[in-house]
file work.cif (mmCIF, C-alpha atoms)
data_target
#
loop_
_atom_site.label_atom_id
_atom_site.label_comp_id
_atom_site.auth_asym_id
_atom_site.auth_seq_id
_atom_site.Cartn_x
_atom_site.Cartn_y
_atom_site.Cartn_z
CA MET A 1 -45.64 4.44 130.31
CA LEU A 2 -46.85 7.92 129.55
CA TRP A 3 -50.39 8.61 128.36
CA ILE A 4 -51.64 11.93 126.99
CA ALA A 5 -55.39 12.60 127.20
CA CYS A 6 -56.93 15.13 124.80
CA GLN A 7 -60.39 16.51 125.58
CA PHE A 8 -62.28 18.20 122.73
CA PRO A 9 -64.79 20.92 123.60
CA ALA A 10 -68.36 20.75 122.34
CA CYS A 11 -69.96 23.96 121.09
CA ALA A 12 -73.54 22.94 121.95
CA ASN A 13 -75.78 19.99 122.76
CA SER A 14 -78.42 18.58 120.46
CA PRO A 15 -82.00 17.89 121.73
CA ASP A 16 -81.02 14.30 122.59
CA ARG A 17 -78.14 15.64 124.71
CA ASP A 18 -75.38 14.45 122.34
CA PRO A 19 -72.39 16.80 122.01
CA ILE A 20 -71.87 18.72 118.75
CA ALA A 21 -68.44 19.67 117.45
CA PRO A 22 -67.79 23.24 116.24
CA ARG A 23 -68.70 23.82 112.59
CA SER A 24 -65.10 24.72 111.78
CA VAL A 25 -64.10 21.15 112.64
CA ARG A 26 -66.91 19.17 111.04
CA LEU A 27 -66.39 18.16 107.40
CA THR A 28 -70.14 18.14 106.82
CA ALA A 29 -72.98 19.83 108.66
CA GLU A 30 -74.37 16.45 109.81
CA GLU A 31 -71.08 14.92 111.02
CA SER A 32 -71.53 13.55 114.54
CA PHE A 33 -69.19 14.23 117.44
CA GLU A 34 -68.24 10.55 117.55
CA SER A 35 -67.22 10.69 113.89
CA VAL A 36 -65.13 13.80 114.60
CA ARG A 37 -63.44 12.08 117.54
CA LEU A 38 -62.60 9.02 115.44
CA ARG A 39 -61.19 11.27 112.72
CA MET A 40 -59.03 13.08 115.29
CA GLY A 41 -57.81 9.69 116.49
CA GLN A 42 -56.87 8.66 112.96
CA TRP A 43 -54.98 11.93 112.59
CA ALA A 44 -53.10 11.35 115.86
CA LEU A 45 -51.85 7.94 114.68
CA GLN A 46 -48.96 9.74 112.95
CA PHE A 47 -47.41 10.39 116.38
CA THR A 48 -47.88 6.98 117.98
CA PRO A 49 -49.53 3.68 117.01
CA ASP A 50 -51.22 3.49 120.43
CA VAL A 51 -54.23 5.80 120.12
CA CYS A 52 -57.50 4.77 121.73
CA LEU A 53 -60.79 6.31 122.75
CA GLY A 54 -61.03 7.73 126.25
CA GLN A 55 -63.68 7.08 128.89
CA TRP A 56 -65.31 10.43 128.24
CA PRO A 57 -67.31 10.83 125.01
CA ASN A 58 -65.04 13.70 123.95
CA SER A 59 -61.55 12.42 124.82
CA LEU A 60 -58.67 10.56 123.14
CA LEU A 61 -55.74 8.76 124.73
CA LEU A 62 -52.22 8.55 123.26
CA GLU A 63 -49.46 6.33 124.70
CA VAL A 64 -46.30 8.21 123.71
CA SER A 65 -43.44 6.80 125.77
CA PRO A 66 -41.88 4.73 122.87
CA SER A 67 -41.95 7.69 120.45
CA LEU A 68 -41.26 10.53 122.90
CA LYS A 69 -37.59 10.88 121.92
CA LEU A 70 -38.50 10.96 118.22
CA TRP A 71 -40.62 14.10 118.70
CA GLY A 72 -38.13 15.91 120.92
CA GLY A 73 -39.66 15.31 124.34
CA LEU A 74 -43.03 15.80 125.98
CA GLN A 75 -43.30 19.57 125.65
CA ALA A 76 -42.33 19.52 121.97
CA LEU A 77 -44.92 16.82 121.29
CA LEU A 78 -47.62 18.76 123.15
CA THR A 79 -46.78 21.82 121.06
CA ARG A 80 -47.11 19.78 117.86
CA LEU A 81 -50.44 18.37 119.00
CA GLN A 82 -51.80 21.79 119.93
CA ALA A 83 -50.75 23.24 116.57
CA GLY A 84 -52.36 20.27 114.85
CA TRP A 85 -55.68 20.69 116.65
CA LEU A 86 -55.74 24.36 115.62
CA SER A 87 -55.00 23.51 111.98
CA LEU A 88 -57.87 21.01 112.01
CA GLY A 89 -60.30 23.75 113.00
CA TRP A 90 -60.55 23.56 116.79
CA PRO A 91 -60.90 27.05 118.30
CA ARG A 92 -58.33 28.52 120.67
CA GLU A 93 -60.96 29.36 123.27
CA PRO A 94 -62.14 27.03 124.59
CA GLY A 95 -59.28 25.00 123.16
CA VAL A 96 -58.45 21.32 123.28
CA GLN A 97 -57.38 20.44 126.82
CA MET A 98 -54.47 18.02 127.31
CA ALA A 99 -53.15 16.24 130.39
CA TRP A 100 -50.89 13.27 130.97
CA GLY A 101 -50.38 10.50 133.47
CA PRO A 102 -48.73 7.10 133.96
CA THR A 103 -51.91 5.16 133.11
CA PRO A 104 -54.73 5.79 130.61
CA ARG A 105 -57.31 6.28 133.37
CA ALA A 106 -55.06 8.67 135.28
CA ALA A 107 -54.63 10.78 132.14
CA ASP A 108 -58.38 10.73 131.56
CA TRP A 109 -59.02 11.77 135.16
CA ARG A 110 -56.52 14.63 134.94
CA VAL A 111 -57.95 16.05 131.71
CA ALA A 112 -61.43 16.11 133.25
CA TRP A 113 -60.02 17.71 136.39
CA GLY A 114 -58.27 20.54 134.54
CA ALA A 115 -55.70 21.04 137.31
CA PRO A 116 -51.98 21.68 136.74
CA SER A 117 -49.97 18.66 135.65
CA ASP A 118 -48.00 18.53 138.91
CA ALA A 119 -51.12 18.46 141.10
CA PRO A 120 -51.19 15.22 143.20
CA LEU A 121 -53.89 12.67 142.39
CA ALA A 122 -54.87 12.68 146.05
CA ASP A 123 -56.62 16.02 145.42
CA LEU A 124 -58.52 14.65 142.37
CA PRO A 125 -62.28 15.33 142.70
CA LEU A 126 -64.33 12.13 142.68
CA ARG A 127 -66.57 13.56 139.96
CA CYS A 128 -63.64 13.04 137.53
CA ILE A 129 -63.87 9.24 137.90
CA PRO A 130 -66.72 7.91 135.69
CA GLU A 131 -67.15 4.66 137.70
CA LEU A 132 -68.02 6.67 140.83
CA HIS A 133 -70.72 8.88 139.30
CA SER A 134 -73.54 6.70 140.59
CA HIS A 135 -72.09 6.88 144.12
CA LEU A 136 -71.33 10.60 144.36
CA GLY A 137 -74.39 11.32 146.51
CA SER A 138 -73.59 8.71 149.16
CA LEU A 139 -69.89 9.62 149.12
CA ALA A 140 -70.75 13.30 149.64
CA ARG A 141 -72.89 12.39 152.66
CA MET A 142 -69.83 10.57 154.01
CA GLY A 143 -67.81 13.77 153.62
CA LEU A 144 -65.72 12.40 150.73
CA ALA A 145 -65.05 14.71 147.75
CA SER A 146 -61.50 13.81 146.65
CA LEU A 147 -59.54 10.65 145.91
CA GLY A 148 -57.03 10.78 148.79
CA PRO A 149 -59.50 10.44 151.71
CA LEU A 150 -61.40 7.74 149.80
CA LEU A 151 -58.30 5.56 149.42
CA ARG A 152 -57.56 5.79 153.15
CA LEU A 153 -60.80 3.97 154.01
CA PRO A 154 -60.75 0.20 154.59
CA ARG A 155 -60.84 -1.66 151.26
CA ALA A 156 -63.32 -4.30 152.36
CA GLY A 157 -65.88 -1.66 153.34
CA LEU A 158 -65.35 0.25 150.09
CA THR A 159 -65.89 -2.94 148.10
CA ARG A 160 -69.22 -3.56 149.87
CA ARG A 161 -70.40 0.04 149.32
CA LEU A 162 -69.05 0.75 145.81
CA GLY A 163 -68.83 -2.72 144.29
CA PRO A 164 -65.77 -4.57 142.92
CA LEU A 165 -65.89 -2.81 139.50
CA SER A 166 -65.34 0.60 141.05
CA LEU A 167 -62.34 -0.65 143.05
CA GLN A 168 -60.91 -2.34 139.98
CA ALA A 169 -61.18 0.95 138.06
CA LEU A 170 -59.36 2.77 140.88
CA ASP A 171 -56.61 0.13 140.90
CA ALA A 172 -56.23 0.40 137.12
CA GLY A 173 -55.96 4.18 137.29
CA LEU A 174 -53.32 3.99 140.03
CA GLY A 175 -51.29 1.37 138.16
CA ARG A 176 -52.01 -1.46 140.58
CA ARG A 177 -53.55 -3.71 137.89
CA PRO A 178 -53.34 -3.93 134.08
CA ASP A 179 -55.60 -1.70 132.03
CA PRO A 180 -55.38 -3.00 128.41
CA ARG A 181 -56.78 -0.80 125.65
CA THR A 182 -57.66 -1.52 122.01
CA PRO A 183 -55.83 0.95 119.75
CA LEU A 184 -57.42 2.46 116.68
CA GLN A 185 -56.41 0.98 113.34
CA PRO A 186 -55.93 3.05 110.17
CA PRO A 187 -58.45 2.18 107.42
CA ARG A 188 -57.22 0.25 104.38
CA VAL A 189 -58.53 2.93 102.00
CA PHE A 190 -58.61 6.66 102.65
CA GLU A 191 -61.82 8.40 101.63
CA GLN A 192 -63.10 11.68 103.07
CA ALA A 193 -65.43 14.40 101.84
CA ILE A 194 -65.81 18.00 102.93
CA GLU A 195 -68.90 20.11 102.34
CA LEU A 196 -68.39 23.74 101.37
CA ALA A 197 -70.41 26.48 103.02
CA GLN A 198 -71.86 27.38 99.61
CA PRO A 199 -71.26 26.24 96.00
CA SER A 200 -68.25 28.05 94.61
CA HIS A 201 -65.86 28.32 91.67
CA ASP A 202 -63.30 30.19 93.76
CA ARG A 203 -59.93 28.46 93.45
CA ALA A 204 -58.77 29.69 96.88
CA LEU A 205 -61.84 28.23 98.59
CA LEU A 206 -61.50 24.92 96.74
CA THR A 207 -57.79 24.74 97.58
CA GLU A 208 -58.53 25.31 101.27
CA GLY A 209 -61.09 22.51 101.25
CA CYS A 210 -58.58 20.19 99.60
CA ARG A 211 -55.97 21.17 102.21
CA ARG A 212 -58.30 20.06 105.00
CA LEU A 213 -58.69 16.68 103.32
CA LEU A 214 -54.96 16.35 102.68
CA GLN A 215 -54.21 16.88 106.37
CA GLY A 216 -56.08 13.70 107.24
CA CYS A 217 -54.65 11.87 104.25
CA VAL A 218 -51.03 12.72 105.11
CA ALA A 219 -51.56 11.67 108.74
CA TRP A 220 -53.03 8.38 107.47
CA LEU A 221 -49.97 7.85 105.28
CA GLN A 222 -47.48 8.71 108.02
CA ALA A 223 -49.16 6.32 110.43
CA GLN A 224 -48.37 3.51 107.97
CA GLN A 225 -45.00 4.92 106.85
CA CYS A 226 -46.28 4.94 103.29
CA GLY A 227 -46.59 7.42 100.46
CA LEU A 228 -49.01 7.91 97.59
CA ARG A 229 -48.34 8.13 93.88
CA GLU A 230 -51.81 9.20 92.84
CA ALA A 231 -54.69 11.01 94.51
CA SER A 232 -58.20 11.50 93.10
CA PHE A 233 -60.21 14.60 93.98
CA TYR A 234 -63.90 14.57 93.05
CA PHE A 235 -65.67 17.95 92.87
CA HIS A 236 -69.43 17.44 93.18
CA HIS A 237 -71.59 20.11 91.56
CA GLY A 238 -74.93 18.41 91.21
CA HIS A 239 -77.07 15.62 92.51
CA ARG A 240 -74.97 12.97 90.74
CA GLU A 241 -72.54 15.02 88.71
CA GLN A 242 -68.89 15.21 89.64
CA HIS A 243 -65.62 16.36 88.09
CA LEU A 244 -62.45 14.33 88.63
CA VAL A 245 -59.05 15.94 89.16
CA ARG A 246 -56.25 13.41 89.50
CA ILE A 247 -52.67 14.25 90.48
CA GLY A 248 -49.68 11.94 90.13
CA LEU A 249 -46.28 11.91 91.80
CA ALA A 250 -43.02 10.68 90.34
CA ASP A 251 -42.28 8.68 93.50
CA PRO A 252 -44.25 7.85 96.67
CA SER A 253 -44.50 10.81 99.04
CA CYS A 254 -46.43 11.95 102.11
CA GLN A 255 -45.28 15.58 102.08
CA ILE A 256 -48.39 17.77 102.21
CA SER A 257 -46.59 20.79 100.71
CA ARG A 258 -45.51 18.77 97.69
CA ILE A 259 -48.96 17.27 97.08
CA GLN A 260 -50.72 20.59 97.64
CA SER A 261 -48.39 22.38 95.21
CA LEU A 262 -49.20 19.89 92.46
CA LEU A 263 -52.92 20.16 93.18
CA HIS A 264 -52.78 23.96 93.05
CA GLN A 265 -51.13 23.85 89.63
CA ARG A 266 -53.63 21.28 88.36
CA LEU A 267 -56.59 23.33 89.57
CA GLU A 268 -55.27 26.34 87.66
CA GLN A 269 -55.53 24.28 84.45
CA GLU A 270 -58.96 22.76 85.18
CA ARG A 271 -62.31 24.28 84.27
CA LEU A 272 -65.10 23.07 86.52
CA PRO A 273 -68.41 22.75 84.63
CA ALA A 274 -70.32 24.24 87.60
CA ALA A 275 -69.83 25.51 91.13
CA ALA A 276 -68.72 22.74 93.50
CA HIS A 277 -70.50 22.18 96.80
CA LEU A 278 -68.61 19.10 98.01
CA ILE A 279 -65.03 17.79 97.58
CA ARG A 280 -64.16 14.13 98.03
CA LEU A 281 -60.64 12.68 98.22
CA GLU A 282 -59.92 9.03 97.50
CA VAL A 283 -56.57 7.23 97.89
CA SER A 284 -56.63 3.47 97.45
CA VAL A 285 -53.09 2.53 96.35
CA ILE A 286 -50.13 3.38 98.57
CA GLU A 287 -46.50 2.26 98.59
CA PRO A 288 -44.00 1.93 101.44
CA LEU A 289 -41.57 4.82 101.67
CA SER A 290 -38.00 3.92 100.83
CA LEU A 291 -35.42 4.62 103.53
CA GLU A 292 -32.66 6.95 102.38
CA THR A 293 -29.34 7.83 103.98
CA LEU A 294 -28.98 11.55 104.49
CA ASP A 295 -25.86 13.08 102.97
CA PHE A 296 -24.34 15.69 105.26
CA PHE A 297 -22.58 17.46 102.37
CA GLY A 298 -25.46 17.18 99.86
CA GLY A 299 -24.73 14.52 97.27
CA ALA A 300 -25.82 13.91 93.71
CA HIS A 301 -29.21 12.56 94.83
CA ARG A 302 -30.40 16.15 95.25
CA GLY A 303 -30.23 16.59 91.48
CA SER A 304 -32.46 13.56 90.92
CA ASP A 305 -34.92 14.89 93.50
CA GLN A 306 -35.11 18.20 91.65
CA LEU A 307 -35.65 16.33 88.37
CA ARG A 308 -38.57 14.38 89.87
CA LEU A 309 -40.15 17.57 91.20
CA LEU A 310 -39.75 19.19 87.77
CA CYS A 311 -41.46 16.24 86.09
CA GLU A 312 -44.33 16.42 88.58
CA ARG A 313 -44.86 20.14 87.91
CA LEU A 314 -44.79 19.57 84.15
CA GLN A 315 -47.35 16.77 84.48
CA ALA A 316 -49.60 19.00 86.58
CA ARG A 317 -49.43 21.82 84.02
CA LEU A 318 -49.38 19.90 80.73
CA GLY A 319 -51.11 16.63 81.55
CA ASP A 320 -49.89 13.12 82.30
CA HIS A 321 -49.57 12.06 78.67
CA GLN A 322 -47.58 15.11 77.60
CA VAL A 323 -44.50 14.28 79.71
CA LEU A 324 -42.74 11.28 78.20
CA ARG A 325 -39.62 9.27 78.87
CA ILE A 326 -37.51 6.97 76.69
CA HIS A 327 -38.19 3.33 77.49
CA LEU A 328 -35.50 0.94 76.20
CA HIS A 329 -36.29 -2.36 74.44
CA ASP A 330 -33.97 -5.28 73.81
CA SER A 331 -33.82 -5.01 70.02
CA HIS A 332 -31.06 -4.50 67.44
CA GLN A 333 -33.45 -2.71 65.10
CA PRO A 334 -32.88 1.03 65.79
CA GLU A 335 -36.51 2.11 65.42
CA SER A 336 -37.60 -0.63 67.85
CA ALA A 337 -34.86 -0.18 70.44
CA SER A 338 -36.72 2.57 72.31
CA GLN A 339 -40.24 3.86 72.81
CA LEU A 340 -41.73 7.04 74.27
CA THR A 341 -44.10 6.24 77.15
CA PRO A 342 -45.88 8.43 79.74
CA LEU A 343 -43.65 9.08 82.70
CA LYS A 344 -46.12 7.93 85.39
CA SER A 345 -46.82 4.59 83.71
CA SER A 346 -43.18 3.61 83.32
CA GLY A 347 -41.76 4.01 86.82
CA ALA A 348 -40.92 0.34 87.17
CA ALA A 349 -39.58 0.19 83.64
CA GLY A 350 -37.36 3.17 84.38
CA HIS A 351 -35.83 1.40 87.33
CA SER A 352 -35.23 -1.77 85.30
CA SER A 353 -33.59 0.15 82.49
CA VAL A 354 -31.23 1.78 84.99
CA LEU A 355 -30.27 -1.65 86.32
CA GLN A 356 -29.66 -2.97 82.82
CA ALA A 357 -27.52 0.04 81.98
CA ARG A 358 -25.11 -0.80 84.78
CA ASP A 359 -24.05 -3.99 82.95
CA SER A 360 -23.81 -2.36 79.51
CA PRO A 361 -20.43 -1.53 77.94
CA PRO A 362 -19.02 1.99 78.35
CA PRO A 363 -20.23 4.61 75.84
CA SER A 364 -16.79 4.82 74.21
CA ALA A 365 -17.08 1.16 73.09
CA LEU A 366 -20.46 1.65 71.38
CA PRO A 367 -20.90 2.68 67.72
CA PRO A 368 -22.10 6.27 67.17
CA ARG A 369 -25.83 6.79 67.45
CA PRO A 370 -27.83 9.91 66.48
CA LEU A 371 -29.89 11.86 68.98
CA TRP A 372 -32.93 12.08 66.68
CA LEU A 373 -34.39 9.24 64.64
CA LEU A 374 -36.93 9.87 61.90
CA GLU A 375 -40.33 8.26 62.36
CA ALA A 376 -39.68 6.34 59.13
CA PRO A 377 -36.45 6.16 57.08
CA LEU A 378 -36.40 8.73 54.25
CA ALA A 379 -35.41 7.40 50.79
CA LEU A 380 -32.52 9.33 49.27
CA PRO A 381 -31.76 9.82 45.58
CA ILE A 382 -28.40 8.73 44.16
CA ARG A 383 -26.40 11.16 42.07
CA ALA A 384 -22.93 10.41 40.73
CA ASN A 385 -22.99 7.12 42.70
CA LYS A 386 -23.42 9.06 45.97
CA PRO A 387 -26.45 9.48 48.25
CA PHE A 388 -27.92 12.96 47.93
CA TYR A 389 -29.48 14.95 50.80
CA GLU A 390 -29.47 18.73 50.33
CA GLY A 391 -26.40 18.06 48.27
CA PRO A 392 -24.02 15.09 47.89
CA LEU A 393 -23.18 13.33 51.16
CA ARG A 394 -19.65 12.49 52.23
CA LEU A 395 -19.33 9.21 54.12
CA ARG A 396 -17.23 9.73 57.26
CA ALA A 397 -17.57 6.44 59.20
CA GLY A 398 -18.90 2.95 58.54
CA PRO A 399 -20.17 0.64 57.46
CA GLU A 400 -21.83 -0.88 60.55
CA ARG A 401 -23.79 -4.01 59.64
CA ILE A 402 -27.12 -4.47 61.48
CA GLU A 403 -28.80 -7.76 60.64
CA THR A 404 -31.67 -9.11 62.77
CA ASP A 405 -35.17 -10.66 62.81
CA TRP A 406 -34.14 -13.48 60.47
CA TRP A 407 -36.88 -15.68 61.98
CA SER A 408 -39.78 -13.36 61.07
CA SER A 409 -39.03 -10.41 58.78
CA PRO A 410 -35.29 -10.32 57.97
CA LEU A 411 -33.60 -6.93 58.24
CA ARG A 412 -30.13 -6.20 56.82
CA ARG A 413 -28.64 -2.70 56.70
CA ASP A 414 -25.21 -1.10 56.39
CA TYR A 415 -25.14 2.15 58.40
CA PHE A 416 -22.81 5.09 57.76
CA VAL A 417 -22.14 8.42 59.41
CA ALA A 418 -22.27 11.00 56.60
CA GLU A 419 -21.54 14.72 56.38
CA THR A 420 -23.74 17.21 54.51
CA GLN A 421 -22.58 20.21 52.52
CA ASP A 422 -23.04 22.49 55.57
CA GLN A 423 -20.99 20.06 57.75
CA ARG A 424 -23.89 18.49 59.61
CA LEU A 425 -23.67 14.80 60.54
CA VAL A 426 -26.48 12.42 59.57
CA TRP A 427 -27.06 8.70 59.90
CA VAL A 428 -27.77 6.85 56.63
CA PHE A 429 -27.96 3.21 55.65
CA ARG A 430 -27.86 1.09 52.50
CA ASN A 431 -30.02 -2.00 52.00
CA PRO A 432 -29.10 -5.13 50.03
CA SER A 433 -30.68 -3.52 46.93
CA HIS A 434 -28.17 -0.65 47.22
CA GLU A 435 -30.91 1.88 48.05
CA TRP A 436 -29.98 4.68 50.42
CA PHE A 437 -32.09 6.01 53.30
CA LEU A 438 -31.74 8.77 55.85
CA HIS A 439 -32.54 7.48 59.36
CA GLY A 440 -31.23 9.96 61.92
CA LEU A 441 -29.68 13.32 62.69
CA PHE A 442 -26.78 13.92 65.08
CA GLY A 443 -26.98 16.82 67.50
#
call {"tool": "encode", "arguments": {"input": "work.cif", "output": "structure tokens"}}
result
Amino acid sequence: MLWIACQFPACANSPDRDPIAPRSVRLTAEESFESVRLRMGQWALQFTPDVCLGQWPNSLLLEVSPSLKLWGGLQALLTRLQAGWLSLGWPREPGVQMAWGPTPRAADWRVAWGAPSDAPLADLPLRCIPELHSHLGSLARMGLASLGPLLRLPRAGLTRRLGPLSLQALDAGLGRRPDPRTPLQPPRVFEQAIELAQPSHDRALLTEGCRRLLQGCVAWLQAQQCGLREASFYFHHGHREQHLVRIGLADPSCQISRIQSLLHQRLEQERLPAAAHLIRLEVSVIEPLSLETLDFFGGAHRGSDQLRLLCERLQARLGDHQVLRIHLHDSHQPESASQLTPLKSSGAAGHSSVLQARDSPPPSALPPRPLWLLEAPLALPIRANKPFYEGPLRLRAGPERIETDWWSSPLRRDYFVAETQDQRLVWVFRNPSHEWFLHGLFG
């Protein structure tokens, strides 16, 4: 086992002697240090599922041995953690201190000690062991200041002087007895709010506040190996007034750059009614991320990825209901065989239509179909026994009989491919009354 202890510095103490986190880290001015520590623990869950609170009121413990190879080793993981603490607002000086050890207590002792990682535990000052704080005076009078000389004393005498709980804590720190910990669990719903220094319309300031919230959201998603399709940002600009900005993704994702790019484009299109003083992010619906096989040579899936990103950017710029897709219906009637639906509301339908298309006959076996259908068939006049559309039409192919809906409203049409005077192809049909209609235009 390998435990990493992270100790967060406090900038000051409140009158009741509780630590206070630096303002650059707190999301609101009133956020407590305990809330900050829990939020840091939730963020660290993306690296390992075993994150728990340390013995000190400003420390976290991470058990990283199962996931150490995934992150490239201990030093690479420590570098990632340090960069993450800086991005979350912790200052460089005094920065977040980290130490590691074979047990959670040993890691907690080392981070309080502040000595090099290769320093032996025998030289550990006794003040770094919380269970011995009430005995430091008597131990000092005995000439004991470090762990090594203490452990060389007879155990029975130590138990009488320090009590069994202190000896049990020493055994747990040295790996002589189990030391079970309760790991933190990610919340079911992500909701965080950040308070701005002053109300502002500035897009750069609002984007930075949203980035801070997205950092926690992405870590929450990665801890559960899930992605989001929709995120709701609420910009508060009054006592009870708020403005909603919602972004949608074509497929579940936890990439912060992708989500932030869509948000930036959406904010450029939004007009806030007043200066915002608080931003709140809510994510309630998440989906598991699908596992994909990486193609060393770059296969055709890259084109579909680019298409999804293009659709997302268009939705962010034009609105969700301005980007449509063709949704197929099982109907012989041409005007009912497809329907335009918003892209984000037809993700499942899109997948089902792809599956259905695999079993359909090849395109060469299907009758010709126009690219554009009119909203309603256009009645055509008849001149010299021929349908007339910008001149007499010449029938090139057909007829194709379409007869359906006999149980409700019978439909019977004979379709033809016709050619206009300027050699354009159109789709026309004739009903049982020998009336002609224009229904579609070929590309």
call {"tool": "atom_distance", "arguments": {"input": "work.cif", "atom1": "CA of Val111 (chain A)", "atom2": "CA of Val96 (chain A)"}}
result
10.0 Å
call {"tool": "resolve_selection", "arguments": {"input": "work.cif", "expression": "the PyMOL selection byres ((chain A and resi 247-252) around 9)", "output": "ChimeraX atom specification"}}
result
/A:226-233,245-246,253-254,259,262-263,266,286-290,308-309,311-312,315-316,320,343-344,347
call {"tool": "atom_distance", "arguments": {"input": "work.cif", "atom1": "CA of Glu93 (chain A)", "atom2": "CA of Ser117 (chain A)"}}
result
19.7 Å
call {"tool": "resolve_selection", "arguments": {"input": "work.cif", "expression": "the PyMOL selection byres ((chain A and resi 200) around 12)", "output": "number ranges by chain"}}
result
A: 195-199, 201-207, 209, 235-237, 272-279
call {"tool": "atom_distance", "arguments": {"input": "work.cif", "atom1": "CA of Leu438 (chain A)", "atom2": "CA of Gln423 (chain A)"}}
result
15.7 Å
call {"tool": "resolve_selection", "arguments": {"input": "work.cif", "expression": "the PyMOL selection byres ((chain A and resi 4) around 12)", "output": "mmCIF file with C-alpha atoms, in the coordinates of the input"}}
result
data_model
loop_
_atom_site.group_PDB
_atom_site.id
_atom_site.type_symbol
_atom_site.label_atom_id
_atom_site.label_comp_id
_atom_site.auth_asym_id
_atom_site.auth_seq_id
_atom_site.Cartn_x
_atom_site.Cartn_y
_atom_site.Cartn_z
ATOM 1 C CA MET A 1 -45.640 4.440 130.310
ATOM 2 C CA LEU A 2 -46.850 7.920 129.550
ATOM 3 C CA TRP A 3 -50.390 8.610 128.360
ATOM 4 C CA ALA A 5 -55.390 12.600 127.200
ATOM 5 C CA CYS A 6 -56.930 15.130 124.800
ATOM 6 C CA GLN A 7 -60.390 16.510 125.580
ATOM 7 C CA ALA A 44 -53.100 11.350 115.860
ATOM 8 C CA PHE A 47 -47.410 10.390 116.380
ATOM 9 C CA THR A 48 -47.880 6.980 117.980
ATOM 10 C CA ASP A 50 -51.220 3.490 120.430
ATOM 11 C CA VAL A 51 -54.230 5.800 120.120
ATOM 12 C CA CYS A 52 -57.500 4.770 121.730
ATOM 13 C CA LEU A 53 -60.790 6.310 122.750
ATOM 14 C CA GLY A 54 -61.030 7.730 126.250
ATOM 15 C CA SER A 59 -61.550 12.420 124.820
ATOM 16 C CA LEU A 60 -58.670 10.560 123.140
ATOM 17 C CA LEU A 61 -55.740 8.760 124.730
ATOM 18 C CA LEU A 62 -52.220 8.550 123.260
ATOM 19 C CA GLU A 63 -49.460 6.330 124.700
ATOM 20 C CA VAL A 64 -46.300 8.210 123.710
ATOM 21 C CA SER A 65 -43.440 6.800 125.770
ATOM 22 C CA LEU A 68 -41.260 10.530 122.900
ATOM 23 C CA LEU A 74 -43.030 15.800 125.980
ATOM 24 C CA GLN A 75 -43.300 19.570 125.650
ATOM 25 C CA LEU A 77 -44.920 16.820 121.290
ATOM 26 C CA LEU A 78 -47.620 18.760 123.150
ATOM 27 C CA LEU A 81 -50.440 18.370 119.000
ATOM 28 C CA GLN A 97 -57.380 20.440 126.820
ATOM 29 C CA MET A 98 -54.470 18.020 127.310
ATOM 30 C CA ALA A 99 -53.150 16.240 130.390
ATOM 31 C CA TRP A 100 -50.890 13.270 130.970
ATOM 32 C CA GLY A 101 -50.380 10.500 133.470
ATOM 33 C CA PRO A 102 -48.730 7.100 133.960
ATOM 34 C CA THR A 103 -51.910 5.160 133.110
ATOM 35 C CA PRO A 104 -54.730 5.790 130.610
ATOM 36 C CA ARG A 105 -57.310 6.280 133.370
ATOM 37 C CA ALA A 106 -55.060 8.670 135.280
ATOM 38 C CA ALA A 107 -54.630 10.780 132.140
ATOM 39 C CA ASP A 108 -58.380 10.730 131.560
ATOM 40 C CA TRP A 109 -59.020 11.770 135.160
ATOM 41 C CA ARG A 110 -56.520 14.630 134.940
ATOM 42 C CA VAL A 111 -57.950 16.050 131.710
ATOM 43 C CA SER A 117 -49.970 18.660 135.650
#
call {"tool": "residues_around", "arguments": {"input": "work.cif", "residues": "Leu88 (chain A)", "least_positions_apart": "3", "cutoff": "8 Å", "atoms": "all atoms listed in the file", "output": "mmCIF file with C-alpha atoms, keeping the file's coordinate frame"}}
result
data_model
loop_
_atom_site.group_PDB
_atom_site.id
_atom_site.type_symbol
_atom_site.label_atom_id
_atom_site.label_comp_id
_atom_site.auth_asym_id
_atom_site.auth_seq_id
_atom_site.Cartn_x
_atom_site.Cartn_y
_atom_site.Cartn_z
ATOM 1 C CA VAL A 25 -64.100 21.150 112.640
ATOM 2 C CA GLY A 84 -52.360 20.270 114.850
ATOM 3 C CA TRP A 85 -55.680 20.690 116.650
ATOM 4 C CA ARG A 212 -58.300 20.060 105.000
ATOM 5 C CA GLN A 215 -54.210 16.880 106.370
#
call {"tool": "residues_around", "arguments": {"input": "work.cif", "residues": "region 144-149 of chain A", "least_positions_apart": "2", "cutoff": "10 Å", "atoms": "all atoms listed in the file", "output": "list in words"}}
result
Pro120, Leu121, Ala122, Asp123, Leu124, Pro125, Leu126, Arg127, Cys128, Ile129, Leu136, Gly137, Ser138, Leu139, Ala140, Arg141, Met142, Leu151, Arg152, Leu153 and Leu170 of chain A
call {"tool": "residues_around", "arguments": {"input": "work.cif", "residues": "Trp427 (chain A)", "least_positions_apart": "6", "cutoff": "8 Å", "atoms": "all atoms listed in the file", "output": "PDB file with C-alpha atoms, keeping the file's coordinate frame"}}
result
ATOM      1  CA  ARG A 369     -25.830   6.790  67.450  1.00  0.00           C
ATOM      2  CA  PRO A 370     -27.830   9.910  66.480  1.00  0.00           C
ATOM      3  CA  TYR A 415     -25.140   2.150  58.400  1.00  0.00           C
ATOM      4  CA  PHE A 416     -22.810   5.090  57.760  1.00  0.00           C
ATOM      5  CA  VAL A 417     -22.140   8.420  59.410  1.00  0.00           C
ATOM      6  CA  ALA A 418     -22.270  11.000  56.600  1.00  0.00           C
ATOM      7  CA  LEU A 438     -31.740   8.770  55.850  1.00  0.00           C
ATOM      8  CA  HIS A 439     -32.540   7.480  59.360  1.00  0.00           C
ATOM      9  CA  GLY A 440     -31.230   9.960  61.920  1.00  0.00           C
ATOM     10  CA  LEU A 441     -29.680  13.320  62.690  1.00  0.00           C
ATOM     11  CA  PHE A 442     -26.780  13.920  65.080  1.00  0.00           C
TER      12      PHE A 442
END
